[in-house]
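Have a look at data_36.tsv; it's TSV, C-alpha atoms and all ligand atoms:
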chain	number	residue	atom	x	y	z
A	1	MET	CA	18.23	-14.00	-1.84
A	2	ILE	CA	18.64	-17.70	-2.55
A	3	THR	CA	17.42	-18.62	0.93
A	4	ALA	CA	14.44	-16.29	0.57
A	5	HIS	CA	13.47	-18.16	-2.56
A	6	LYS	CA	13.81	-21.56	-0.93
A	7	ALA	CA	11.44	-20.45	1.80
A	8	PHE	CA	8.73	-19.86	-0.79
A	9	THR	CA	8.71	-23.49	-1.87
A	10	GLN	CA	7.90	-24.73	1.63
A	11	PRO	CA	4.33	-24.59	2.89
A	12	ALA	CA	3.86	-20.99	3.95
A	13	GLY	CA	3.83	-20.99	7.74
A	14	ALA	CA	3.78	-18.31	10.36
A	15	ARG	CA	7.50	-18.53	11.05
A	16	ASN	CA	8.31	-18.07	7.39
A	17	TRP	CA	6.58	-14.76	6.97
A	18	GLN	CA	7.69	-13.39	10.30
A	19	GLN	CA	11.22	-14.43	9.49
A	20	ALA	CA	11.04	-12.88	6.02
A	21	LEU	CA	9.69	-9.69	7.61
A	22	ALA	CA	12.52	-9.63	10.15
A	23	GLU	CA	15.13	-10.29	7.47
A	24	ALA	CA	14.08	-7.36	5.28
A	25	VAL	CA	16.98	-5.31	3.93
A	26	ARG	CA	17.50	-2.13	5.98
A	27	ASP	CA	21.07	-1.24	5.12
A	28	PRO	CA	21.44	0.85	1.94
A	29	ARG	CA	24.89	-0.61	1.37
A	30	GLU	CA	23.54	-4.15	1.34
A	31	LEU	CA	20.78	-3.22	-1.10
A	32	LEU	CA	23.25	-1.61	-3.50
A	33	GLU	CA	25.58	-4.60	-3.26
A	34	MET	CA	22.80	-7.12	-3.87
A	35	LEU	CA	21.83	-5.24	-7.02
A	36	GLU	CA	25.42	-4.61	-8.15
A	37	LEU	CA	24.84	-0.86	-8.15
A	38	PRO	CA	27.56	1.80	-7.97
A	39	ALA	CA	28.76	2.71	-4.48
A	40	ASN	CA	28.46	6.41	-5.30
A	41	LEU	CA	24.73	6.08	-4.63
A	42	LEU	CA	25.47	5.18	-1.02
A	43	PRO	CA	26.10	8.52	0.74
A	44	SER	CA	22.80	10.08	-0.37
A	45	ALA	CA	20.89	6.85	0.25
A	46	ARG	CA	22.23	6.84	3.80
A	47	ARG	CA	21.30	10.47	4.39
A	48	ALA	CA	17.77	10.07	3.02
A	49	ALA	CA	17.29	6.87	5.00
A	50	GLN	CA	17.51	9.05	8.10
A	51	LEU	CA	14.33	10.84	6.98
A	52	PHE	CA	12.49	7.52	6.58
A	53	PRO	CA	14.39	4.26	7.02
A	54	LEU	CA	15.04	1.88	4.15
A	55	ARG	CA	13.06	-1.31	4.40
A	56	VAL	CA	12.49	-3.88	1.67
A	57	PRO	CA	11.85	-7.64	1.82
A	58	ARG	CA	14.43	-9.83	0.11
A	59	GLY	CA	11.86	-11.54	-2.08
A	60	TYR	CA	10.92	-8.13	-3.49
A	61	VAL	CA	14.58	-7.23	-4.14
A	62	ALA	CA	14.83	-10.51	-6.08
A	63	ARG	CA	12.33	-9.12	-8.59
A	64	MET	CA	14.55	-6.11	-9.37
A	65	GLN	CA	16.90	-5.92	-12.33
A	66	ARG	CA	20.54	-6.01	-11.28
A	67	GLY	CA	22.70	-3.12	-12.36
A	68	ASP	CA	19.76	-0.83	-13.16
A	69	PRO	CA	19.53	2.19	-10.86
A	70	ALA	CA	16.29	3.18	-12.67
A	71	ASP	CA	14.54	-0.14	-12.00
A	72	PRO	CA	10.88	0.68	-11.32
A	73	LEU	CA	10.75	-1.52	-8.21
A	74	LEU	CA	14.01	-0.13	-6.82
A	75	ARG	CA	12.83	3.44	-7.35
A	76	GLN	CA	9.94	2.84	-4.97
A	77	VAL	CA	12.24	1.93	-2.08
A	78	LEU	CA	15.69	3.48	-2.61
A	79	PRO	CA	16.28	6.62	-0.49
A	80	LEU	CA	17.49	9.51	-2.67
A	81	GLU	CA	18.99	12.93	-2.17
A	82	ALA	CA	15.90	14.38	-3.92
A	83	GLU	CA	13.91	13.69	-0.74
A	84	PHE	CA	15.57	16.70	0.87
A	85	GLU	CA	14.14	19.10	-1.71
A	86	GLU	CA	11.59	21.46	-0.26
A	87	VAL	CA	8.85	21.97	-2.81
A	88	PRO	CA	5.96	24.36	-2.13
A	89	GLY	CA	2.71	22.49	-1.49
A	90	PHE	CA	4.43	19.27	-0.41
A	91	ARG	CA	3.81	18.87	3.31
A	92	ALA	CA	3.78	16.46	6.24
A	93	ASP	CA	0.03	15.63	6.39
A	94	PRO	CA	-1.14	16.20	2.80
A	95	VAL	CA	-4.44	14.36	3.12
A	96	GLY	CA	-5.68	15.92	6.35
A	97	ASP	CA	-5.81	12.62	8.23
A	98	LEU	CA	-5.22	14.21	11.59
A	99	ASP	CA	-8.36	16.33	11.19
A	100	SER	CA	-10.75	13.43	10.66
A	101	GLN	CA	-10.30	11.24	13.71
A	102	LEU	CA	-13.30	9.80	15.43
A	103	ASP	CA	-11.01	8.30	18.02
A	104	PRO	CA	-7.23	7.78	18.03
A	105	GLY	CA	-6.56	5.48	15.07
A	106	VAL	CA	-10.14	5.60	13.75
A	107	LEU	CA	-10.56	7.93	10.76
A	108	LYS	CA	-13.93	8.77	9.35
A	109	LYS	CA	-13.59	10.94	6.32
A	110	TYR	CA	-16.24	9.44	4.07
A	111	PRO	CA	-19.89	8.63	4.73
A	112	GLY	CA	-20.54	5.06	5.82
A	113	ARG	CA	-16.90	4.08	6.06
A	114	ALA	CA	-14.32	4.17	8.84
A	115	LEU	CA	-10.64	3.46	8.37
A	116	LEU	CA	-8.69	1.88	11.22
A	117	ILE	CA	-5.00	2.54	11.60
A	118	THR	CA	-4.25	-0.89	12.97
A	119	THR	CA	-0.47	-0.58	13.13
A	120	GLY	CA	2.30	1.70	11.92
A	121	ALA	CA	4.38	-1.19	10.63
A	122	CYS	CA	4.83	-2.06	6.97
A	123	ALA	CA	6.81	-4.80	5.25
A	124	VAL	CA	8.25	-2.24	2.87
A	125	HIS	CA	8.90	1.47	3.13
A	126	CYS	CA	7.61	3.17	0.00
A	127	ARG	CA	9.39	6.46	-0.47
A	128	TYR	CA	6.27	8.18	-1.84
A	129	CYS	CA	4.07	7.22	1.09
A	130	PHE	CA	2.07	10.00	2.73
A	131	ARG	CA	2.34	8.16	6.01
A	132	ARG	CA	6.11	8.67	6.18
A	133	HIS	CA	5.50	11.51	8.65
A	134	PHE	CA	2.51	10.04	10.47
A	135	PRO	CA	2.66	10.00	14.29
A	136	TYR	CA	1.78	6.32	14.63
A	137	SER	CA	2.59	5.84	18.24
A	138	GLU	CA	-0.29	8.14	19.23
A	139	GLN	CA	-2.75	7.26	16.47
A	140	ASN	CA	-3.10	3.55	16.67
A	141	ALA	CA	-6.30	1.58	17.11
A	142	ALA	CA	-4.49	-1.43	18.57
A	143	ARG	CA	-4.18	0.10	22.02
A	144	GLY	CA	-6.16	-1.71	24.68
A	145	ARG	CA	-6.64	-4.80	22.52
A	146	TRP	CA	-8.90	-2.88	20.12
A	147	HIS	CA	-11.39	-2.13	22.84
A	148	GLN	CA	-11.51	1.63	22.33
A	149	ALA	CA	-11.59	1.44	18.53
A	150	LEU	CA	-14.35	-1.19	18.53
A	151	THR	CA	-16.36	0.95	20.94
A	152	ALA	CA	-16.00	3.98	18.67
A	153	VAL	CA	-17.22	1.93	15.69
A	154	ALA	CA	-20.06	0.37	17.69
A	155	ASN	CA	-21.22	3.83	18.81
A	156	ASP	CA	-21.56	5.19	15.27
A	157	ARG	CA	-24.39	3.47	13.43
A	158	ASP	CA	-23.48	5.24	10.21
A	159	ILE	CA	-20.41	3.01	9.83
A	160	HIS	CA	-21.34	0.20	7.43
A	161	GLU	CA	-17.86	-0.65	6.26
A	162	VAL	CA	-14.63	-0.83	8.20
A	163	ILE	CA	-11.33	-0.58	6.36
A	164	LEU	CA	-8.30	-2.10	8.03
A	165	SER	CA	-5.33	0.02	7.09
A	166	GLY	CA	-2.12	1.23	8.64
A	167	GLY	CA	0.73	1.02	8.06
A	168	ASP	CA	-0.15	-2.41	6.86
A	169	PRO	CA	-2.76	-4.41	8.80
A	170	LEU	CA	-1.18	-7.69	7.72
A	171	SER	CA	1.93	-6.77	9.71
A	172	LEU	CA	-0.15	-7.89	12.68
A	173	GLY	CA	-0.17	-11.52	13.68
A	174	ASP	CA	-3.17	-13.73	12.99
A	175	ASP	CA	-4.29	-13.63	16.65
A	176	ARG	CA	-4.50	-9.84	16.82
A	177	LEU	CA	-6.20	-9.65	13.44
A	178	GLY	CA	-8.57	-12.46	14.32
A	179	GLU	CA	-9.65	-10.65	17.49
A	180	LEU	CA	-10.33	-7.49	15.55
A	181	ILE	CA	-12.19	-9.23	12.72
A	182	GLN	CA	-14.35	-11.13	15.18
A	183	GLY	CA	-15.05	-7.98	17.19
A	184	LEU	CA	-16.14	-6.13	14.05
A	185	GLY	CA	-18.26	-9.10	12.99
A	186	GLN	CA	-20.25	-8.70	16.19
A	187	ILE	CA	-21.25	-5.10	15.43
A	188	SER	CA	-24.48	-5.44	13.49
A	189	HIS	CA	-24.23	-2.18	11.53
A	190	VAL	CA	-20.77	-3.13	10.18
A	191	LYS	CA	-21.90	-4.96	7.06
A	192	ARG	CA	-18.67	-5.03	5.11
A	193	LEU	CA	-14.99	-5.47	5.87
A	194	ARG	CA	-12.14	-4.21	3.75
A	195	ILE	CA	-8.42	-4.85	4.10
A	196	HIS	CA	-5.91	-2.52	2.45
A	197	SER	CA	-2.55	-4.26	2.28
A	198	ARG	CA	0.67	-4.27	0.31
A	199	HIS	CA	1.84	-7.51	1.94
A	200	PRO	CA	0.40	-9.89	-0.69
A	201	VAL	CA	2.57	-8.06	-3.24
A	202	VAL	CA	5.78	-7.40	-1.31
A	203	LEU	CA	5.74	-10.35	1.12
A	204	PRO	CA	3.46	-13.02	-0.36
A	205	GLU	CA	4.49	-15.50	2.36
A	206	ARG	CA	2.17	-13.50	4.61
A	207	VAL	CA	-0.87	-14.93	2.87
A	208	THR	CA	-1.03	-18.14	4.86
A	209	ARG	CA	-3.98	-20.50	5.12
A	210	ALA	CA	-4.27	-19.43	8.75
A	211	LEU	CA	-4.66	-15.80	7.70
A	212	CYS	CA	-7.28	-16.78	5.16
A	213	ARG	CA	-9.23	-18.58	7.90
A	214	GLU	CA	-9.22	-15.41	10.01
A	215	ILE	CA	-10.54	-13.42	7.04
A	216	GLU	CA	-13.30	-15.98	6.56
A	217	ARG	CA	-14.53	-15.33	10.11
A	218	PHE	CA	-16.11	-12.06	9.07
A	219	PRO	CA	-19.82	-12.76	8.48
A	220	GLY	CA	-20.33	-10.30	5.59
A	221	PRO	CA	-18.59	-9.54	2.31
A	222	VAL	CA	-14.85	-8.90	2.46
A	223	THR	CA	-12.80	-6.91	-0.04
A	224	VAL	CA	-9.03	-7.05	-0.11
A	225	VAL	CA	-7.40	-4.09	-1.83
A	226	LEU	CA	-3.83	-4.84	-2.86
A	227	HIS	CA	-1.22	-2.29	-3.80
A	228	ALA	CA	0.92	-3.05	-6.84
A	229	ASN	CA	2.33	-0.30	-9.02
A	230	HIS	CA	4.17	-2.28	-11.66
A	231	ALA	CA	3.62	-5.57	-13.50
A	232	ARG	CA	7.04	-6.88	-12.42
A	233	GLU	CA	5.88	-6.83	-8.81
A	234	ILE	CA	3.50	-9.68	-9.61
A	235	ASP	CA	5.50	-12.90	-9.85
A	236	SER	CA	4.45	-16.52	-9.36
A	237	HIS	CA	4.71	-16.30	-5.54
A	238	VAL	CA	2.45	-13.29	-5.53
A	239	ARG	CA	-0.01	-15.06	-7.82
A	240	SER	CA	-0.09	-18.09	-5.49
A	241	GLY	CA	-0.83	-15.89	-2.48
A	242	ILE	CA	-3.56	-14.09	-4.40
A	243	GLY	CA	-4.98	-17.49	-5.31
A	244	ARG	CA	-5.25	-18.34	-1.60
A	245	LEU	CA	-6.97	-15.03	-0.91
A	246	ARG	CA	-9.40	-15.66	-3.75
A	247	GLU	CA	-10.43	-18.94	-2.13
A	248	THR	CA	-11.76	-16.97	0.85
A	249	GLY	CA	-14.35	-15.52	-1.52
A	250	ALA	CA	-13.03	-11.98	-0.99
A	251	LEU	CA	-13.36	-9.47	-3.80
A	252	LEU	CA	-9.82	-8.59	-4.91
A	253	LEU	CA	-8.97	-5.10	-6.10
A	254	ASN	CA	-5.77	-3.16	-6.62
A	255	GLN	CA	-4.81	0.41	-5.99
A	256	ALA	CA	-1.73	1.88	-7.56
A	257	VAL	CA	-0.05	5.25	-7.31
A	258	LEU	CA	1.00	7.01	-10.48
A	259	LEU	CA	4.72	7.57	-9.97
A	260	ARG	CA	7.26	9.28	-12.16
A	261	GLY	CA	9.95	6.83	-13.25
A	262	VAL	CA	7.92	3.83	-12.06
A	263	ASN	CA	4.70	3.49	-14.05
A	264	ASP	CA	4.16	6.81	-15.83
A	265	ASN	CA	4.10	5.36	-19.32
A	266	ILE	CA	1.39	3.62	-21.28
A	267	GLU	CA	3.27	0.32	-21.59
A	268	ALA	CA	3.73	0.05	-17.83
A	269	LEU	CA	0.09	0.83	-17.09
A	270	GLU	CA	-1.15	-1.60	-19.70
A	271	ALA	CA	1.19	-4.35	-18.44
A	272	LEU	CA	0.02	-3.74	-14.87
A	273	GLY	CA	-3.61	-4.10	-15.96
A	274	GLU	CA	-2.78	-7.34	-17.78
A	275	ALA	CA	-0.82	-8.78	-14.84
A	276	LEU	CA	-3.58	-7.95	-12.36
A	277	THR	CA	-6.26	-9.40	-14.59
A	278	ALA	CA	-4.22	-12.57	-15.04
A	279	ALA	CA	-4.29	-12.89	-11.24
A	280	ALA	CA	-8.05	-12.13	-11.14
A	281	VAL	CA	-7.51	-8.78	-9.42
A	282	SER	CA	-9.39	-5.74	-10.76
A	283	PRO	CA	-7.68	-2.36	-11.03
A	284	TYR	CA	-9.63	-0.04	-8.71
A	285	TYR	CA	-7.84	3.25	-8.20
A	286	LEU	CA	-4.87	4.92	-9.81
A	287	HIS	CA	-3.96	7.59	-7.28
A	288	MET	CA	-2.30	10.86	-8.04
A	289	LEU	CA	0.64	11.27	-5.69
A	290	ASP	CA	-0.27	12.85	-2.39
A	291	PRO	CA	1.87	15.96	-2.03
A	292	VAL	CA	3.95	14.64	0.83
A	293	ALA	CA	7.21	16.32	1.76
A	294	GLY	CA	10.16	14.36	0.34
A	295	ALA	CA	8.27	12.78	-2.58
A	296	ALA	CA	7.99	15.63	-5.09
A	297	HIS	CA	10.36	13.84	-7.49
A	298	PHE	CA	7.63	11.20	-8.04
A	299	ASP	CA	5.02	13.72	-9.11
A	300	VAL	CA	3.31	13.31	-12.49
A	301	PRO	CA	1.50	16.39	-13.77
A	302	GLU	CA	-2.25	16.07	-14.05
A	303	SER	CA	-2.34	16.69	-17.81
A	304	ARG	CA	0.07	13.82	-18.35
A	305	ALA	CA	-1.86	11.54	-15.98
A	306	LEU	CA	-5.10	12.23	-17.86
A	307	ASP	CA	-3.45	11.59	-21.19
A	308	LEU	CA	-2.07	8.25	-19.98
A	309	VAL	CA	-5.40	7.02	-18.65
A	310	ASP	CA	-7.16	8.19	-21.79
A	311	ARG	CA	-4.72	6.19	-23.92
A	312	LEU	CA	-5.18	3.17	-21.68
A	313	ARG	CA	-8.95	3.48	-22.06
A	314	ARG	CA	-8.57	3.33	-25.85
A	315	ARG	CA	-6.31	0.28	-25.77
A	316	ALA	CA	-7.59	-1.96	-22.97
A	317	PRO	CA	-10.93	-3.45	-21.94
A	318	GLY	CA	-12.92	-1.25	-19.59
A	319	TYR	CA	-12.35	-3.50	-16.59
A	320	MET	CA	-8.56	-2.97	-16.90
A	321	VAL	CA	-8.81	0.80	-16.60
A	322	PRO	CA	-8.53	2.13	-13.03
A	323	ARG	CA	-10.23	5.31	-11.83
A	324	LEU	CA	-7.75	8.18	-11.73
A	325	VAL	CA	-8.30	9.96	-8.42
A	326	ARG	CA	-6.79	12.48	-6.13
A	327	GLU	CA	-7.32	12.91	-2.41
A	328	ILE	CA	-8.39	16.42	-1.54
A	329	PRO	CA	-8.70	17.25	2.17
A	330	GLY	CA	-12.27	18.01	3.15
A	331	GLU	CA	-13.92	16.18	0.21
A	332	ASP	CA	-16.49	13.41	0.79
A	333	ALA	CA	-14.73	10.95	-1.51
A	334	LYS	CA	-11.62	10.46	-3.53
A	335	THR	CA	-11.94	13.07	-6.27
A	336	PRO	CA	-11.92	11.93	-9.91
A	337	VAL	CA	-9.27	13.71	-11.96
A	338	THR	CA	-11.09	15.16	-14.95
A	339	GLY	CA	-8.89	17.96	-16.19
A	340	GLU	CA	-11.24	20.61	-14.87
A	341	VAL	CA	-9.56	23.02	-12.52
A	342	VAL	CA	-10.10	22.10	-8.89
A	343	ASP	CA	-9.45	24.38	-5.99
A	344	ASN	CA	-7.40	22.21	-3.67
A	345	THR	CA	-6.59	24.79	-1.09
A	346	PRO	CA	-7.65	23.15	2.19
B	1	LIG	C1	-9.56	6.12	0.74
B	1	LIG	C2	-10.27	6.13	2.02
B	1	LIG	C3	-11.44	5.40	2.20
B	1	LIG	C4	-12.03	4.52	1.13
B	1	LIG	O1	-12.49	5.19	0.00
B	1	LIG	P1	-13.22	4.35	-1.14
B	1	LIG	O2	-13.50	5.36	-2.19
B	1	LIG	O3	-14.44	3.74	-0.54
B	1	LIG	O4	-12.25	3.30	-1.59
B	1	LIG	C5	-12.09	5.50	3.41
B	1	LIG	N1	-11.61	6.23	4.42
B	1	LIG	C6	-10.48	6.96	4.29
B	1	LIG	C7	-10.01	7.78	5.44
B	1	LIG	C8	-9.77	6.92	3.09
B	1	LIG	O5	-8.63	7.61	2.97
B	2	LIG	S1	1.45	2.37	4.10
B	2	LIG	FE1	1.51	1.31	2.12
B	2	LIG	S2	2.45	2.80	0.71
B	2	LIG	FE2	2.91	3.47	2.81
B	2	LIG	S3	4.92	2.58	3.26
B	2	LIG	FE3	3.35	1.17	4.04
B	2	LIG	S4	3.08	-0.28	2.35
B	2	LIG	FE4	4.10	1.49	1.48
Kindly present the structure from the file in structure tokens form.
Amino acid sequence: MITAHKAFTQPAGARNWQQALAEAVRDPRELLEMLELPANLLPSARRAAQLFPLRVPRGYVARMQRGDPADPLLRQVLPLEAEFEEVPGFRADPVGDLDSQLDPGVLKKYPGRALLITTGACAVHCRYCFRRHFPYSEQNAARGRWHQALTAVANDRDIHEVILSGGDPLSLGDDRLGELIQGLGQISHVKRLRIHSRHPVVLPERVTRALCREIERFPGPVTVVLHANHAREIDSHVRSGIGRLRETGALLLNQAVLLRGVNDNIEALEALGEALTAAAVSPYYLHMLDPVAGAAHFDVPESRALDLVDRLRRRAPGYMVPRLVREIPGEDAKTPVTGEVVDNTP
């Protein structure tokens, strides 16, 4: 952990982030030891890591509270026995991604926008992620140096915005990303670019000047949507990286997932709004958990979610209140959660 911190004080270079990525903690025993947690958590962590491997950057572990098994950052990454529970309604592809492919790795679910699965790799493995069961090797736009994906986008004049997603698009090197961004910039009907990434939060070293230069190559407006769920995820290194992103002129937004035991209380949501605003990032979406197999223990009931957002709305300025949404397969947009009964049978 000490070496990870030293690396932050050097100018952020390509080797640093790739090294930090490679040095992520993958062994449940090491994670528990670093955090001085009881060894009796180990057997179940090991078993659940076989469902979806543990992966967490050291710099992110450094933001966790030692000795606290309920730490809200730890909860997002620690494999638990609860992941083996089979809960009705929680399934492998909860958001119907496999039904909305224009081309392998190119999803078009919503009018005007296409989402590219640029890579399956992430810097961190979030236990609640709906992509934990996604067949990345087949559904990846990176094949053939983007050629096929760019052709699919170029052939559909309804696509005005392309969203780079994954996995995490910033797991790719600057060269690969640069090629893609330039290729998209040459398609005249693609007016806007969006990047959905958790890297600036979990591996802020990734936000190098070189990356920012690649982002600046896109001729139109760029939006970067970060993913932070808790105020403690946003430390000074994260703020510096966000500052570099801001200098590109990109609009900076955040999406969070409402997670039991992580941010399902009014203090946590208010603190997250404050921390994002302090970094000049606007809260965009607060997602209801996608009902993915193995994540039911993170679920927050809709009535409680509505109550939390309503309380936030009464306490905080309007720009700090995210839109509470749920993804319902077959809908034309993320669906606002309003408390009215929705029929979410696919
Ligand atoms: C969430 C999502 C988008 C973006 O939706 P916005 O409401 O524009 O943020 C686009 N495509 C897919 C497949 C998505 O899941
Ligand atoms: S896609 Fe996003 S939420 Fe899912 S594991 Fe990767 S970083 Fe976490």
Shell of 7 Å around Glu36 in chain A, only C-alpha atoms, local chain residues under 2 positions omitted, as a count of residues only: 6
Atom-to-atom span, CA of Tyr128 in chain A and CA of Arg55 in chain A, Å: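 According to the coordinates, CA of Tyr128 in chain A and CA of Arg55 in chain A are separated by 13.2 Å.
What separates CA of Leu73 in chain A from CA of Gly339 in chain A is a distance of 28.8 Å.
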Give one line per residue of chain A that approaches ligand LIG 1 (chain B) to at most 8 Å, naming the two atoms of the closest pair and their distance in Å to one decimal, counting only C-alpha atoms and all ligand atoms; sort by chain then ascending residue number and deliver it as a tab-separated table.
residue	atom	partner	partner_atom	distance
A:Val95	CA	B:LIG1	O5	7.9
A:Asp97	CA	B:LIG1	C7	7.0
A:Ser100	CA	B:LIG1	C7	7.7
A:Leu107	CA	B:LIG1	C7	5.4
A:Lys108	CA	B:LIG1	C7	5.6
A:Lys109	CA	B:LIG1	C7	4.9
A:Tyr110	CA	B:LIG1	N1	5.6
A:Arg113	CA	B:LIG1	C5	5.7
A:Ala114	CA	B:LIG1	N1	5.6
A:Leu115	CA	B:LIG1	N1	4.9
A:Ile163	CA	B:LIG1	C5	6.8
A:Tyr285	CA	B:LIG1	O4	7.9
A:Glu327	CA	B:LIG1	O5	7.7
A:Ala333	CA	B:LIG1	O2	5.8
A:Lys334	CA	B:LIG1	O2	5.6
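If only C-alpha atoms are the atoms counted, then among A:Val207, A:Ile195, A:Ala268, A:Val222 the closest residue to Asn16 in chain A is A:Val207.
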Mind dumping a table of every chain A residue within 8 Å of ligand LIG 2 (chain B), with the nearest atom pair and its distance in Å to one decimal, using all atoms listed in the file, sorted by chain and rising number, as a tab-separated table?
residue	atom	partner	partner_atom	distance
A:Gly120	CA	B:LIG2	S1	7.9
A:Ala121	CA	B:LIG2	FE3	7.1
A:Cys122	CA	B:LIG2	FE3	4.6
A:Ala123	CA	B:LIG2	S4	6.5
A:Val124	CA	B:LIG2	S4	5.6
A:His125	CA	B:LIG2	S3	4.1
A:Cys126	CA	B:LIG2	FE4	4.2
A:Arg127	CA	B:LIG2	S3	7.0
A:Tyr128	CA	B:LIG2	S2	7.1
A:Cys129	CA	B:LIG2	FE2	4.3
A:Phe130	CA	B:LIG2	FE2	6.6
A:Arg131	CA	B:LIG2	FE2	5.7
A:Arg132	CA	B:LIG2	S3	6.9
A:Ser165	CA	B:LIG2	S1	7.8
A:Gly166	CA	B:LIG2	S1	5.9
A:Gly167	CA	B:LIG2	S1	4.2
A:Asp168	CA	B:LIG2	FE3	5.7
A:Ser197	CA	B:LIG2	FE1	6.9
A:Arg198	CA	B:LIG2	S4	5.1
A:His199	CA	B:LIG2	S4	7.3
A:His227	CA	B:LIG2	FE1	7.4
For the selection just defined, write its residues with C-alpha atoms to a file, as a CSV table (one decimal), in the frame of the given file.
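And here is the file that came out, part-v9.csv:
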chain,number,residue,atom,x,y,z
A,120,GLY,CA,2.3,1.7,11.9
A,121,ALA,CA,4.4,-1.2,10.6
A,122,CYS,CA,4.8,-2.1,7.0
A,123,ALA,CA,6.8,-4.8,5.2
A,124,VAL,CA,8.2,-2.2,2.9
A,125,HIS,CA,8.9,1.5,3.1
A,126,CYS,CA,7.6,3.2,0.0
A,127,ARG,CA,9.4,6.5,-0.5
A,128,TYR,CA,6.3,8.2,-1.8
A,129,CYS,CA,4.1,7.2,1.1
A,130,PHE,CA,2.1,10.0,2.7
A,131,ARG,CA,2.3,8.2,6.0
A,132,ARG,CA,6.1,8.7,6.2
A,165,SER,CA,-5.3,0.0,7.1
A,166,GLY,CA,-2.1,1.2,8.6
A,167,GLY,CA,0.7,1.0,8.1
A,168,ASP,CA,-0.2,-2.4,6.9
A,197,SER,CA,-2.6,-4.3,2.3
A,198,ARG,CA,0.7,-4.3,0.3
A,199,HIS,CA,1.8,-7.5,1.9
A,227,HIS,CA,-1.2,-2.3,-3.8
Close residues, range 313-317 of chain A itself excluded, 12 Å, all atoms listed in the file, min 2 positions apart in chain, as a VMD selection string: chain A and resid 266 to 267 269 to 274 277 282 to 283 306 to 311 319 to 324
Same residues, C-alpha atoms, saved as a short mmCIF file (atom, residue, chain, number, x, y, z; two decimals), keeping the file's coordinate frame:
data_model
loop_
_atom_site.label_atom_id
_atom_site.label_comp_id
_atom_site.auth_asym_id
_atom_site.auth_seq_id
_atom_site.Cartn_x
_atom_site.Cartn_y
_atom_site.Cartn_z
CA ILE A 266 1.39 3.62 -21.28
CA GLU A 267 3.27 0.32 -21.59
CA LEU A 269 0.09 0.83 -17.09
CA GLU A 270 -1.15 -1.60 -19.70
CA ALA A 271 1.19 -4.35 -18.44
CA LEU A 272 0.02 -3.74 -14.87
CA GLY A 273 -3.61 -4.10 -15.96
CA GLU A 274 -2.78 -7.34 -17.78
CA THR A 277 -6.26 -9.40 -14.59
CA SER A 282 -9.39 -5.74 -10.76
CA PRO A 283 -7.68 -2.36 -11.03
CA LEU A 306 -5.10 12.23 -17.86
CA ASP A 307 -3.45 11.59 -21.19
CA LEU A 308 -2.07 8.25 -19.98
CA VAL A 309 -5.40 7.02 -18.65
CA ASP A 310 -7.16 8.19 -21.79
CA ARG A 311 -4.72 6.19 -23.92
CA TYR A 319 -12.35 -3.50 -16.59
CA MET A 320 -8.56 -2.97 -16.90
CA VAL A 321 -8.81 0.80 -16.60
CA PRO A 322 -8.53 2.13 -13.03
CA ARG A 323 -10.23 5.31 -11.83
CA LEU A 324 -7.75 8.18 -11.73
#
Which residue of A:Gly59, A:Met64, A:Gly89, A:Leu78 approaches Pro28 in chain A most closely, using only C-alpha atoms: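 Using only C-alpha atoms, the shortest distance to Pro28 in chain A belongs to A:Leu78.
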Answer as a list in words, residues within 9 Å of (-6.3, -4.6, 9.1) using all atoms listed in the file: Leu116, Ile117, Thr118, Thr119, Ile163, Leu164, Ser165, Gly166, Asp168, Pro169, Leu170, Ser171, Leu172, Leu177, Leu180, Ile181, Arg194, Ile195, His196 and Ser197 of chain A
